[in-house]
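Text of the file query19.txt, holding compact mmCIF, C-alpha atoms and all ligand atoms:
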```txt
# COMPACT_ATOMS: atom_id res chain seq x y z
CA MET A 25 -19.88 -21.57 33.25
CA SER A 26 -19.28 -21.07 29.52
CA ALA A 27 -18.30 -17.52 28.69
CA GLN A 28 -19.37 -15.95 25.41
CA PHE A 29 -16.91 -15.76 22.46
CA HIS A 30 -16.45 -12.16 21.31
CA ASN A 31 -15.32 -12.72 17.70
CA ILE A 32 -13.96 -9.16 17.36
CA GLN A 33 -10.44 -7.72 17.43
CA ASN A 34 -9.09 -4.46 18.86
CA ALA A 35 -9.16 -1.31 16.72
CA GLY A 36 -6.89 -1.43 13.66
CA TRP A 37 -4.36 1.26 14.37
CA PHE A 38 -0.75 1.27 15.52
CA ARG A 39 1.29 4.34 16.41
CA PHE A 40 5.06 4.70 16.23
CA ARG A 41 7.75 7.37 16.01
CA LEU A 42 10.08 8.16 13.15
CA GLY A 43 12.52 10.77 14.44
CA GLU A 44 10.30 13.77 15.17
CA PHE A 45 7.43 12.48 13.02
CA GLU A 46 4.47 10.70 14.59
CA CYS A 47 3.25 7.86 12.38
CA THR A 48 0.06 5.82 12.61
CA ALA A 49 -0.67 2.68 10.61
CA ILE A 50 -4.38 2.39 9.89
CA TRP A 51 -6.01 -0.87 8.84
CA ASP A 52 -8.57 -0.62 6.03
CA GLY A 53 -9.27 -4.36 6.12
CA ARG A 54 -8.03 -7.19 3.95
CA LEU A 55 -8.77 -9.10 0.81
CA LEU A 56 -8.26 -12.80 0.18
CA GLN A 57 -6.32 -13.46 -3.01
CA PRO A 58 -6.53 -16.95 -4.54
CA TYR A 59 -3.18 -18.67 -5.19
CA GLU A 60 -4.06 -19.40 -8.80
CA GLY A 61 -2.02 -17.21 -11.14
CA ILE A 62 -0.71 -14.90 -8.42
CA PHE A 63 3.01 -15.64 -9.03
CA PRO A 64 3.02 -16.85 -12.63
CA ASN A 65 6.77 -17.56 -12.89
CA ALA A 66 7.15 -19.11 -9.42
CA ASN A 67 8.56 -22.59 -8.93
CA LEU A 68 5.54 -24.39 -7.44
CA ASP A 69 7.60 -26.72 -5.23
CA GLU A 70 9.40 -23.72 -3.78
CA LEU A 71 6.09 -21.91 -3.27
CA SER A 72 4.73 -24.94 -1.35
CA ARG A 73 7.93 -25.18 0.69
CA LEU A 74 7.68 -21.53 1.78
CA ARG A 75 3.94 -21.79 2.42
CA ASP A 76 4.53 -24.74 4.79
CA LYS A 77 7.66 -23.34 6.42
CA TYR A 78 5.97 -20.04 7.32
CA HIS A 79 2.59 -21.64 8.21
CA LEU A 80 0.79 -19.58 5.58
CA PRO A 81 -2.86 -20.28 4.70
CA LYS A 82 -3.24 -23.01 2.07
CA ASP A 83 -6.39 -21.84 0.30
CA ASN A 84 -5.67 -18.14 -0.28
CA ILE A 85 -3.22 -15.32 0.34
CA PRO A 86 -4.57 -12.68 2.74
CA LEU A 87 -3.53 -9.20 1.61
CA ASP A 88 -4.02 -6.53 4.27
CA LEU A 89 -4.67 -2.90 3.34
CA ASN A 90 -2.34 -0.74 5.46
CA VAL A 91 -2.79 3.03 5.23
CA LEU A 92 -0.03 5.25 6.66
CA VAL A 93 -0.65 8.55 8.44
CA VAL A 94 2.33 10.80 9.17
CA ASN A 95 2.19 13.91 11.31
CA THR A 96 5.33 15.94 10.52
CA GLY A 97 4.45 18.51 13.16
CA ARG A 98 3.47 20.89 10.36
CA GLU A 99 1.36 18.75 8.04
CA LEU A 100 -0.89 15.75 8.55
CA ILE A 101 -0.30 13.37 5.63
CA VAL A 102 -1.99 10.13 4.61
CA VAL A 103 -0.52 7.66 2.11
CA ASP A 104 -3.30 5.95 0.14
CA ALA A 105 -6.94 5.84 1.08
CA GLY A 106 -8.13 2.24 1.23
CA LEU A 107 -10.98 0.73 -0.75
CA GLY A 108 -13.68 2.86 0.83
CA THR A 109 -17.28 1.91 1.31
CA THR A 110 -18.77 2.66 -2.11
CA GLU A 111 -17.47 -0.49 -3.82
CA LYS A 112 -17.34 -4.16 -2.80
CA MET A 113 -15.45 -5.45 -5.85
CA PHE A 114 -12.92 -7.43 -3.80
CA GLY A 115 -15.43 -8.83 -1.33
CA ALA A 116 -16.42 -7.62 2.12
CA GLY A 117 -13.98 -6.87 4.92
CA MET A 118 -12.51 -3.57 3.68
CA GLY A 119 -13.46 0.10 3.92
CA LEU A 120 -12.59 0.30 7.62
CA MET A 121 -10.12 3.21 7.29
CA GLY A 122 -12.56 5.93 8.35
CA ASN A 123 -13.60 4.18 11.56
CA ASN A 124 -10.03 3.19 12.41
CA LEU A 125 -8.76 6.75 11.80
CA ARG A 126 -11.31 8.05 14.27
CA ALA A 127 -10.48 5.24 16.73
CA ALA A 128 -6.85 6.46 16.54
CA GLY A 129 -8.00 10.00 17.38
CA ILE A 130 -7.42 11.36 13.86
CA ASP A 131 -10.11 13.56 12.34
CA PRO A 132 -10.17 13.04 8.53
CA ASP A 133 -10.99 16.75 8.19
CA ASP A 134 -7.55 17.54 9.62
CA ILE A 135 -5.66 15.72 6.85
CA ASP A 136 -3.72 18.28 4.77
CA ILE A 137 -2.22 16.02 2.09
CA VAL A 138 -3.19 12.70 0.53
CA LEU A 139 -0.28 11.00 -1.25
CA LEU A 140 -1.34 8.31 -3.70
CA THR A 141 1.01 5.52 -4.70
CA HIS A 142 -1.30 4.72 -7.62
CA LEU A 143 -4.95 4.84 -8.58
CA HIS A 144 -6.02 1.21 -8.18
CA PRO A 145 -9.35 0.70 -6.32
CA ASP A 146 -7.87 -0.58 -3.04
CA HIS A 147 -5.69 2.55 -2.79
CA ALA A 148 -7.85 5.29 -4.27
CA PHE A 149 -11.56 4.49 -3.92
CA GLY A 150 -11.43 5.39 -0.21
CA LEU A 151 -10.96 9.01 -1.29
CA LEU A 152 -14.76 9.00 -1.29
CA GLY A 153 -16.58 8.74 2.01
CA ASP A 154 -20.14 7.57 2.60
CA GLY A 155 -22.62 9.39 0.39
CA SER A 156 -19.93 10.19 -2.21
CA VAL A 157 -18.54 13.13 -0.23
CA PRO A 158 -14.75 13.52 -0.07
CA ALA A 159 -13.28 11.47 2.78
CA PHE A 160 -10.64 14.21 3.29
CA LYS A 161 -12.48 17.45 2.60
CA ASN A 162 -9.55 19.77 3.36
CA ALA A 163 -6.74 17.78 1.74
CA ARG A 164 -4.87 18.33 -1.48
CA LEU A 165 -4.24 15.24 -3.55
CA ILE A 166 -0.74 14.42 -4.75
CA VAL A 167 -0.33 11.90 -7.54
CA ASN A 168 1.96 11.13 -10.46
CA LYS A 169 0.61 12.39 -13.78
CA LEU A 170 1.31 9.17 -15.71
CA ASP A 171 -0.91 7.25 -13.32
CA TRP A 172 -3.51 9.99 -13.24
CA ASP A 173 -3.73 10.14 -17.04
CA TYR A 174 -3.99 6.35 -17.34
CA TRP A 175 -6.66 5.75 -14.69
CA THR A 176 -8.83 8.79 -15.37
CA ASP A 177 -8.88 8.22 -19.13
CA THR A 178 -12.54 8.10 -20.16
CA ALA A 179 -11.65 6.18 -23.36
CA LYS A 180 -10.97 3.14 -21.12
CA LEU A 181 -14.60 3.07 -19.99
CA LYS A 182 -15.32 1.27 -23.27
CA LEU A 183 -12.78 -1.51 -22.67
CA ASN A 184 -14.05 -5.01 -22.15
CA ASP A 185 -11.87 -5.86 -19.16
CA PHE A 186 -11.35 -5.00 -15.48
CA ARG A 187 -10.00 -1.57 -16.37
CA ALA A 188 -13.43 -0.19 -17.30
CA PRO A 189 -14.91 -0.43 -13.75
CA TRP A 190 -11.57 0.53 -12.20
CA VAL A 191 -11.36 3.70 -14.31
CA LYS A 192 -15.03 4.49 -13.62
CA GLY A 193 -14.38 4.21 -9.88
CA ALA A 194 -11.13 6.20 -10.05
CA ILE A 195 -12.83 9.06 -11.91
CA ALA A 196 -15.60 9.17 -9.27
CA SER A 197 -13.09 8.96 -6.41
CA VAL A 198 -10.91 11.86 -7.53
CA ALA A 199 -13.84 14.02 -8.69
CA PRO A 200 -14.15 16.08 -5.45
CA TYR A 201 -10.38 16.75 -5.48
CA ARG A 202 -9.98 17.91 -9.09
CA ASP A 203 -9.39 21.54 -8.17
CA ARG A 204 -6.69 20.58 -5.61
CA VAL A 205 -4.66 17.93 -7.44
CA VAL A 206 -0.89 18.41 -7.48
CA PHE A 207 1.19 16.32 -9.88
CA ILE A 208 4.50 15.08 -8.57
CA GLU A 209 7.62 13.86 -10.35
CA ASP A 210 10.32 11.36 -9.45
CA ARG A 211 12.52 12.50 -6.52
CA GLN A 212 10.47 15.63 -5.99
CA GLU A 213 10.08 16.83 -2.41
CA VAL A 214 6.47 16.95 -1.16
CA VAL A 215 7.22 18.89 2.02
CA ALA A 216 10.40 18.96 4.18
CA GLY A 217 11.35 15.36 5.01
CA VAL A 218 8.99 13.74 2.47
CA ARG A 219 10.09 12.78 -1.04
CA MET A 220 8.49 10.79 -3.85
CA LYS A 221 10.47 8.02 -5.57
CA MET A 222 9.07 6.34 -8.65
CA ALA A 223 8.81 2.54 -8.68
CA ALA A 224 6.97 1.89 -11.93
CA GLY A 225 5.77 -1.50 -13.10
CA HIS A 226 2.75 -2.31 -10.95
CA THR A 227 1.23 0.70 -12.71
CA ILE A 228 2.98 2.98 -15.17
CA GLY A 229 3.21 5.81 -12.65
CA HIS A 230 3.50 3.86 -9.39
CA CYS A 231 5.12 5.94 -6.62
CA THR A 232 6.75 5.28 -3.27
CA TYR A 233 7.25 7.90 -0.57
CA LEU A 234 10.34 8.35 1.60
CA PHE A 235 9.91 9.96 5.03
CA GLU A 236 13.04 11.19 6.84
CA SER A 237 13.39 12.79 10.24
CA LYS A 238 16.37 13.10 12.58
CA GLY A 239 18.39 10.37 10.85
CA LYS A 240 15.48 7.90 10.68
CA ALA A 241 13.93 6.87 7.38
CA LEU A 242 10.80 5.00 6.38
CA ILE A 243 9.77 4.19 2.84
CA SER A 244 6.12 3.63 2.08
CA LEU A 245 6.24 1.04 -0.71
CA GLY A 246 2.64 0.92 -1.90
CA ASP A 247 2.38 -2.10 -4.21
CA THR A 248 6.08 -2.40 -5.10
CA THR A 249 5.67 -5.76 -3.37
CA HIS A 250 2.62 -7.69 -2.16
CA HIS A 251 3.85 -10.55 0.00
CA CYS A 252 6.34 -10.46 2.87
CA VAL A 253 7.57 -14.04 2.42
CA TYR A 254 7.22 -15.07 -1.22
CA GLU A 255 8.53 -11.84 -2.74
CA SER A 256 11.20 -11.16 -0.11
CA VAL A 257 12.76 -14.58 -0.65
CA HIS A 258 12.06 -14.40 -4.41
CA PRO A 259 11.97 -10.79 -5.59
CA GLU A 260 12.28 -12.18 -9.13
CA TRP A 261 8.75 -13.63 -8.96
CA HIS A 262 6.23 -11.75 -11.05
CA PHE A 263 3.00 -10.65 -9.46
CA ALA A 264 -0.31 -11.46 -11.19
CA PRO A 265 -0.15 -9.84 -14.64
CA ILE A 266 -3.82 -8.88 -14.42
CA TYR A 267 -2.74 -6.39 -11.73
CA ASP A 268 0.86 -5.62 -12.73
CA ALA A 269 0.95 -3.44 -15.84
CA ASP A 270 4.55 -4.44 -16.62
CA PRO A 271 5.76 -7.43 -14.52
CA ASP A 272 9.40 -7.14 -15.71
CA GLU A 273 9.57 -3.45 -14.87
CA SER A 274 7.89 -4.25 -11.56
CA VAL A 275 10.58 -6.81 -10.69
CA ARG A 276 13.34 -4.33 -11.62
CA SER A 277 11.76 -1.69 -9.36
CA LYS A 278 11.42 -4.24 -6.55
CA HIS A 279 15.10 -5.28 -6.79
CA ARG A 280 16.19 -1.63 -6.79
CA LEU A 281 14.06 -0.64 -3.81
CA PHE A 282 14.86 -3.77 -1.78
CA GLU A 283 18.59 -3.19 -2.23
CA GLU A 284 18.23 0.44 -1.22
CA ILE A 285 16.16 -0.47 1.85
CA ALA A 286 18.53 -3.22 3.00
CA GLU A 287 21.66 -1.12 2.46
CA GLY A 288 20.20 2.04 3.97
CA LYS A 289 18.62 0.09 6.85
CA TYR A 290 15.37 1.93 6.14
CA MET A 291 12.17 0.97 7.84
CA LEU A 292 9.58 -0.01 5.27
CA MET A 293 5.84 -0.06 5.23
CA ALA A 294 4.22 -2.28 2.61
CA TYR A 295 0.56 -1.70 1.89
CA HIS A 296 -0.36 -5.38 1.56
CA PHE A 297 1.99 -7.05 4.06
CA PRO A 298 0.43 -8.55 7.20
CA TRP A 299 -0.83 -5.79 9.48
CA PRO A 300 0.71 -3.27 10.17
CA GLY A 301 3.14 -4.05 7.32
CA ILE A 302 6.16 -2.39 8.97
CA GLY A 303 9.64 -3.83 9.26
CA TYR A 304 13.10 -4.13 7.75
CA LEU A 305 14.71 -6.10 4.95
CA GLU A 306 17.95 -7.97 5.30
CA LYS A 307 19.88 -9.57 2.46
CA SER A 308 19.58 -13.36 2.66
CA GLY A 309 20.96 -15.71 0.00
CA SER A 310 19.80 -14.55 -3.43
CA GLY A 311 16.86 -12.66 -1.88
CA TYR A 312 15.88 -11.01 1.37
CA GLU A 313 14.30 -11.70 4.71
CA PHE A 314 11.52 -9.44 5.97
CA LEU A 315 11.93 -8.63 9.67
CA PRO A 316 8.63 -7.25 10.99
CA VAL A 317 8.63 -4.79 13.88
CA ALA A 318 6.95 -5.99 17.06
CA VAL A 319 3.54 -4.38 17.51
CA SER A 320 3.82 -3.11 21.04
CA PRO A 321 1.25 -1.33 23.22
CA VAL A 322 4.14 0.87 24.39
CA TYR A 323 4.47 4.15 22.50
ZN ZN A 401 -2.97 -2.78 -3.87
```
Just give me the structure of the file as structure tokens.
Ligand SMILES: [Zn+2]
Amino acid sequence: MSAQFHNIQNAGWFRFRLGEFECTAIWDGRLLQPYEGIFPNANLDELSRLRDKYHLPKDNIPLDLNVLVVNTGRELIVVDAGLGTTEKMFGAGMGLMGNNLRAAGIDPDDIDIVLLTHLHPDHAFGLLGDGSVPAFKNARLIVNKLDWDYWTDTAKLKLNDFRAPWVKGAIASVAPYRDRVVFIEDRQEVVAGVRMKMAAGHTIGHCTYLFESKGKALISLGDTTHHCVYESVHPEWHFAPIYDADPDESVRSKHRLFEEIAEGKYMLMAYHFPWPGIGYLEKSGSGYEFLPVAVSPVY
């Protein structure tokens, strides 16, 4: 008898503890990034060597979209909001955050705080739910002002490049939250155990968020880095300049954060690493090795 193929995967959520905090990684989907131009200063022989060694896909680089939810026991916090369902600019296969939140037993109406790393579409457009209502109707939105000013600047709607549709989408996405936006500065505490740390370069106001509880620490890196192999081994590689506002600044931020993570033995969560994007960094040669945590059904 031939049994039917199912062609579906289990729900995209993974729960883990950080001290007294309960964390849940939520999968919003993934985009497929072509190799062309993605690491403009990479040595191509070295890129091929790593691609073959780690059995990475040859025709594109899959970039997952990993949203982090942290329940501190007092506040329910989400870091970044996925691409949402109102825009398909990076292809299909994203906008799954809402369904996966509910599958994980989290009601979006219970979210108190949305922390944004930056206002690019794949991080901010999911602020809008279906029908252009806010995805998190009771949440306040925390964002760095440099990033806010850049990506909600109506003058950029006239530009003749990718920024025009990105700004248009960002303005629409933050619109329902305008009366509950809180601007945050480098090293400022959000709530007890949660602190913002700037890591500019990818965007001018790109933020990371450090969560600490009972001696455990996790840093949510946003787009400080995009690939767990290429950029861990070669943090000096620039990421596509169409996306990185300042590739040199981005590399400096990456070096600084990687060193801090390796020395502090922090757990990291990277938004675009392979699902769920959680692990550790260890110094290795002139770069690092990413050590992913095992995704276990045991909580
Ligand atoms: Zn991104």
Atom pair atom CA of A:Leu120 + atom CA of A:His296, distance 14.8 Å
Any chance you could tabulate, as a Markdown table, the residues of chain A at most 8 Å from ligand ZN 401 (chain A) with each one's nearest atom pair and distance in Å to one decimal, using all atoms listed in the file, in chain and rising number order?
```
| residue | atom | partner | partner_atom | distance |
| --- | --- | --- | --- | --- |
| A:Leu89 | CA | A:ZN401 | ZN | 7.4 |
| A:His144 | CA | A:ZN401 | ZN | 6.6 |
| A:Pro145 | CA | A:ZN401 | ZN | 7.7 |
| A:Asp146 | CA | A:ZN401 | ZN | 5.4 |
| A:His147 | CA | A:ZN401 | ZN | 6.1 |
| A:Gly246 | CA | A:ZN401 | ZN | 7.0 |
| A:Asp247 | CA | A:ZN401 | ZN | 5.4 |
| A:His250 | CA | A:ZN401 | ZN | 7.6 |
| A:Tyr295 | CA | A:ZN401 | ZN | 6.8 |
| A:His296 | CA | A:ZN401 | ZN | 6.6 |
```
Give me, as a Markdown table, the closest atom pair and its distance (Å, one decimal) for every residue of stretch 150-201 of chain A within a cut-off of 6 Å of stretch 121-134 of chain A, counting only C-alpha atoms, rows sorted by chain and rising number.
```
| residue | atom | partner | partner_atom | distance |
| --- | --- | --- | --- | --- |
| A:Phe160 | CA | A:Pro132 | CA | 5.4 |
| A:Lys161 | CA | A:Asp133 | CA | 5.8 |
| A:Asn162 | CA | A:Asp133 | CA | 5.9 |
```
Would you kindly return, as a tab-separated table (two decimals) with C-alpha atoms, in the frame of the given file, each protein, DNA or RNA residue with an atom no farther than 10 Å from any atom of A:Ala216, considering only C-alpha atoms and excluding same-chain residues fewer than 6 positions away?
```tsv
chain	number	residue	atom	x	y	z
A	96	THR	CA	5.33	15.94	10.52
A	98	ARG	CA	3.47	20.89	10.36
A	99	GLU	CA	1.36	18.75	8.04
A	235	PHE	CA	9.91	9.96	5.03
A	236	GLU	CA	13.04	11.19	6.84
A	237	SER	CA	13.39	12.79	10.24
```
Could you list, with a cut-off of 9 Å and counting only C-alpha atoms, the residues of stretch 209-282 of chain A near stretch 174-196 of chain A, each shown with its nearest atom pair and the distance in Å rounded to one decimal, rows sorted by chain and ascending number, as a Markdown table?
```
| residue | atom | partner | partner_atom | distance |
| --- | --- | --- | --- | --- |
| A:Thr227 | CA | A:Tyr174 | CA | 9.0 |
| A:Ile228 | CA | A:Tyr174 | CA | 8.0 |
| A:Gly229 | CA | A:Tyr174 | CA | 8.6 |
| A:Ile266 | CA | A:Phe186 | CA | 8.5 |
```
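Taking atom CA of A:Gly225 as the reference point, atom CA of A:Glu255 is found at 14.9 Å.
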Measuring between only C-alpha atoms, which one of A:Asp88, A:Asp83, A:Glu284, A:Asp104 shows the shortest distance to A:Cys252?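 Closest candidate: A:Asp88.
Once stretch 204-215 of chain A and its same-chain neighbours fewer than 6 positions away are set aside, Arg164, Leu165, Ile166, Val167, Asn168, Lys169, Lys221 and Met222 of chain A remain within 7 Å of it when counting only C-alpha atoms.
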Between A:Met25, A:Ala163, A:Leu100, A:Leu71, smallest distance to A:Tyr254 by all atoms listed in the file belongs to A:Leu71
When you look at A:Asn65 with a cut-off of 9 Å (counting all atoms listed in the file), what residues show up, excluding the ones that are within fewer than 2 positions of it in the same chain? I need them as a PyMOL selection string.
chain A and resi 61+63+67-68+260-263
As lines of an AutoDock Vina configuration file, please: the centre and edge lengths in Å, to one decimal, of an axis-aligned box enclosing every listed atom of stretch 195-198 of chain A with 5 Å added on each side.
```
center_x = -13.3
center_y = 10.4
center_z = -9.2
size_x = 14.7
size_y = 12.9
size_z = 15.5
```
Atom pair atom CA of A:Ile135 + atom CA of A:Leu234, distance 18.4 Å
Applying 10 Å and all atoms listed in the file, which residues near A:Arg276 remain after dropping the ones on its own chain fewer than 6 positions away? List them as an MDAnalysis selection string.
chainID A and resid 223:225 248 259:260 282
Export of the given selection (C-alpha atoms) as a PDB file, keeping the file's coordinate frame:
```pdb
ATOM      1  CA  ALA A 223       8.810   2.540  -8.680  1.00  0.00           C
ATOM      2  CA  ALA A 224       6.970   1.890 -11.930  1.00  0.00           C
ATOM      3  CA  GLY A 225       5.770  -1.500 -13.100  1.00  0.00           C
ATOM      4  CA  THR A 248       6.080  -2.400  -5.100  1.00  0.00           C
ATOM      5  CA  PRO A 259      11.970 -10.790  -5.590  1.00  0.00           C
ATOM      6  CA  GLU A 260      12.280 -12.180  -9.130  1.00  0.00           C
ATOM      7  CA  PHE A 282      14.860  -3.770  -1.780  1.00  0.00           C
TER       8      PHE A 282
END
```
Exercise: A:Arg73 partners within 12 Å, only C-alpha atoms, chain neighbours under 5 positions left out, as a list of chain:residue names
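Selected residues are A:Ala66, A:Asn67, A:Leu68, A:Tyr78, A:His79, A:Leu80, A:Lys82, A:Val253, A:Tyr254, A:Val257.
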Among A:His230, A:Arg280, A:Lys240, A:His30, A:Val218 is approached most closely, using all atoms listed in the file, by A:Lys240
task: Determine the nearest neighbour of A:Leu242 from the options A:Glu70, A:Asp270, A:Glu46, A:Asp154, counting only C-alpha atoms.
output: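 Looking at the shortest contact to A:Leu242, the residue is A:Glu46.
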Checklist entry - Pick from A:Gln28, A:Thr141, A:Gln33, A:Gln57: nearest to A:Pro86, with all atoms listed in the file counted? => result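 Of the candidates, the smallest distance to A:Pro86 is held by A:Gln57.
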Original post:
Restricting the calculation to only C-alpha atoms, which member of A:Tyr267, A:Phe45, A:Trp299, A:Phe314 is positioned closest to A:Ile285?
Top reply: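 Of all the options, A:Phe314 lies closest to A:Ile285.
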